[in-house]
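Asks: One structure coming up, written as structure tokens, with questions to follow.
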Amino acid sequence: MNSLRFLYAALAATALIHGGYLVSLFRRYSRLRRQMKDLGKGK
Amino acid sequence: MSSLRSITLATLTKDIRLEWRSRDAINSMLFFSLLVVVIFSFSFDPVAEESRHIVGGLVWIAFLFAAVVALNQTWARETRNQVLDAYRVSPAPANGLFLAKVLGNFIFVSLLEALMTPLFIIFYNLRALGPAWQLIPIAIFGTWALVVNGTFFAAMSLRMRSREIMLPLLLFPISIPALMGMVQATTAVLTGEESARFWIVLLLTYDVVFTTACLALFEAILHAE
Amino acid sequence: MKRAFPILAVLATLFVAYGFYLGLFVAPTERTMGDVQRIFYFHAPSGWTAFWLFFANLIASVVYLIWRNAKADALAVASAEVGVVFCTVVLVTGPLWARPVWGIWWTWDLRLTSTLVLWLIYVSYLVLRRFSDSAQTPVLAAVLAIFGALDVPLVYFSIWFFRTQHPQPVIGNGGSLDPSMRPAFWTNVAAFSCYGALLCWARYRVELMHREVEEGHALASLLDENSPDVEARPAHRGGPR
């Protein structure tokens, strides 16, 4: 059924949106953890 | 209470006097609206009967953009020479300043609307099929809705980067129910197909709710450094 | 609490996976719409989660405005951001469901349009947080959140009336849900809500970390004026995360 295309598209879009957000959150987290370590070491 | 009234009046008369002498804002608003009217008139056939259904929206878009021009420079004068700081430390009620700015903007935008309406009537061959007198409360409540939130958000965006973009960005989403009310009410009156009463009541409700909110919260944002 | 996080994350993921399994495979196929209707099992729960999160944002904003509690402000940021993520999912999956079933991408559907306005308001909230440099950004943001909350009933009401004047198609299953579909639906609502809450908590923790780092940098540059580390001068940056 060609309307299933839309179901797959919706699933893909949901995965992309949540995945993208998780990736960005994780990157922010690792950057901050690195900065905290630097602050702890440096001073 | 008399202190509130005197502050409001004093600030309002000062703003009107300054604006009348320079006529900066009103000129740019007028010209901008004129351009919008002309450009929109190319997008549809003004003689056709169907155009009556979209004109309401076009008119309010033109007024909305013109209002943003006025709103953007509302606080410009106060940021120079630390006038705003002086207000903050003075015992004058903050709401006096806010009301004065809102009333000033309301007067300017209403003036613009009064000047532009004959142009719209001419360019779009407008003729109200419904009760035309209803257009007056629609204009008053609608303009107040735009101006009260617009003045508030203009004060909020004072210390932001890209101040001129922030104002419409903050104002438009919040104004959606009011914009819907203005456009639907105007269309209802122009086409005569339905009653504008609900929309006028909605606009009035919007005005009451947000004027109260602005007056309650203005002091908080005025002191935001 | 910190150590519980990985366990909770795994549990939430399993829960969501189970919800998807129910929605995509176990639930019965809708008679008229076909399998495309299964979008509903993650479209509507995302909407519920977004609303809870925005409601949390409102509470946090009011708490901040009254008591100036910094943690409340951090929660406000977190819930707004995660709420926008879920809201985006709703707005993308809605038209993808509407198009094959009702033949149109968009209409003045009550829930979809209210969701769009809510999305616009909260995106403007996030833009305000990003573009405002002042120390009082939390106050401005909290005020905007309150304005947004005041706006929502007015939006709903105006769209509702518009629809009575200009009848529009209803996107969605029209309110009533067949009993055989209810377990899948409610499981997904619970699963998405858990996942949303966890994501919000994670973002909240990241926000607290970010503030700690900024304070650390400010303190470091105050204590050591000769610091060669020019980057650790947050006062000169715009404040992006």
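Naming scheme: A, B, ... for chains in displayed order of the structure tokens; residues 1 onward per chain; ligands 1 onward as shown.
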Show me, as number ranges by chain, the residues that have an atom within 12 Å of B:Glu50 when counting only C-alpha atoms, minus same-chain residues fewer than 6 positions from it.
Replies: B: 44, 56, 124-126, 187, 190-191
Asks: Can you pull out every residue from chain B that DSSP, working from the backbone, puts in helix (DSSP H, G or I), and format the result as a VMD selection string?
Replies: chain B and resid 2 to 22 24 to 41 51 to 72 76 to 89 94 to 124 132 to 159 163 to 191 197 to 222
Asks: Select residues of chain A: the criterion is any atom within 9 Å of an atom of chain C, counting only C-alpha atoms; output as a list of chain:residue names.
Replies: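 Filtering chain A at 9 Å from chain C with only C-alpha atoms gives A:Met1, A:Asn2, A:Ser3, A:Leu4, A:Arg5, A:Phe6, A:Leu7, A:Tyr8, A:Ala9, A:Ala10, A:Leu11, A:Ala13, A:Thr14, A:Ile17, A:His18, A:Tyr21, A:Leu22, A:Leu25, A:Arg28, A:Tyr29, A:Leu32, A:Arg33, A:Gln35, A:Met36, A:Leu39, A:Gly40, A:Lys43.
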Asks: Mind dumping the selected residues with C-alpha atoms as a JSON list (two decimals), in the first residue's frame?
Replies:
```
[["chain", "number", "residue", "atom", "x", "y", "z"],
["A", 1, "MET", "CA", 0.00, 0.00, 0.00],
["A", 2, "ASN", "CA", 1.51, 3.26, -0.99],
["A", 3, "SER", "CA", 0.16, 5.05, 2.07],
["A", 4, "LEU", "CA", 2.61, 3.00, 4.14],
["A", 5, "ARG", "CA", 5.27, 5.31, 2.72],
["A", 6, "PHE", "CA", 3.88, 7.99, 5.00],
["A", 7, "LEU", "CA", 4.07, 5.75, 8.04],
["A", 8, "TYR", "CA", 7.74, 5.05, 7.30],
["A", 9, "ALA", "CA", 8.36, 8.75, 6.68],
["A", 10, "ALA", "CA", 6.74, 9.63, 10.01],
["A", 11, "LEU", "CA", 8.83, 7.02, 11.84],
["A", 13, "ALA", "CA", 11.18, 11.89, 10.93],
["A", 14, "THR", "CA", 10.49, 11.07, 14.60],
["A", 17, "ILE", "CA", 14.22, 14.64, 15.45],
["A", 18, "HIS", "CA", 14.77, 12.72, 18.68],
["A", 21, "TYR", "CA", 18.39, 16.18, 19.85],
["A", 22, "LEU", "CA", 20.00, 13.34, 21.80],
["A", 25, "LEU", "CA", 22.56, 17.00, 24.15],
["A", 28, "ARG", "CA", 26.98, 19.51, 25.08],
["A", 29, "TYR", "CA", 27.34, 17.15, 28.01],
["A", 32, "LEU", "CA", 30.83, 20.56, 29.72],
["A", 33, "ARG", "CA", 32.34, 17.55, 31.47],
["A", 35, "GLN", "CA", 35.46, 21.94, 30.85],
["A", 36, "MET", "CA", 34.66, 20.98, 34.43],
["A", 39, "LEU", "CA", 38.56, 23.89, 35.79],
["A", 40, "GLY", "CA", 39.17, 21.35, 38.55],
["A", 43, "LYS", "CA", 42.80, 26.03, 39.62]]
```
Asks: Could you tell me which residues of chain C sit within 8 Å of chain B when counting only C-alpha atoms, and give me the result as a ChimeraX atom specification?
Replies: /C:117,120-121,124-125,128,131-137,139-140,143,147-148,150-151,154-155,158
Asks: Write out as a list of chain:residue names which residues come within 12 Å of B:Arg127 when counting only C-alpha atoms, dropping same-chain ones fewer than 4 positions away.
Replies: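 Final neighbour list, sorted by chain and number: B:Pro46, B:Val47, B:Glu49, B:Ser51, B:Arg52, B:His53, B:Val55, B:Gly56, B:Thr117, B:Pro118, B:Phe120, B:Ile121, B:Ile122, B:Phe123, B:Pro131, B:Ala132, B:Leu135, B:Thr186, B:Thr187, B:Val189, B:Leu190, B:Thr191, B:Gly192.
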Asks: If we count only C-alpha atoms and set the cut-off at 10 Å, which residues sit around B:Ile107, ignoring sequence neighbours fewer than 6 positions away in its own chain? Please answer as a short mmCIF file (atom, residue, chain, number, x, y, z; two decimals) with C-alpha atoms, in the first residue's frame.
Replies:
```cif
data_model
loop_
_atom_site.label_atom_id
_atom_site.label_comp_id
_atom_site.auth_asym_id
_atom_site.auth_seq_id
_atom_site.Cartn_x
_atom_site.Cartn_y
_atom_site.Cartn_z
CA ILE B 16 3.29 63.46 21.16
CA LYS B 101 3.90 54.64 25.77
CA GLU B 113 -5.33 53.64 10.15
CA THR B 143 -5.19 48.21 17.54
CA TRP B 144 -5.07 48.20 21.33
CA VAL B 147 -0.08 48.06 20.72
#
```
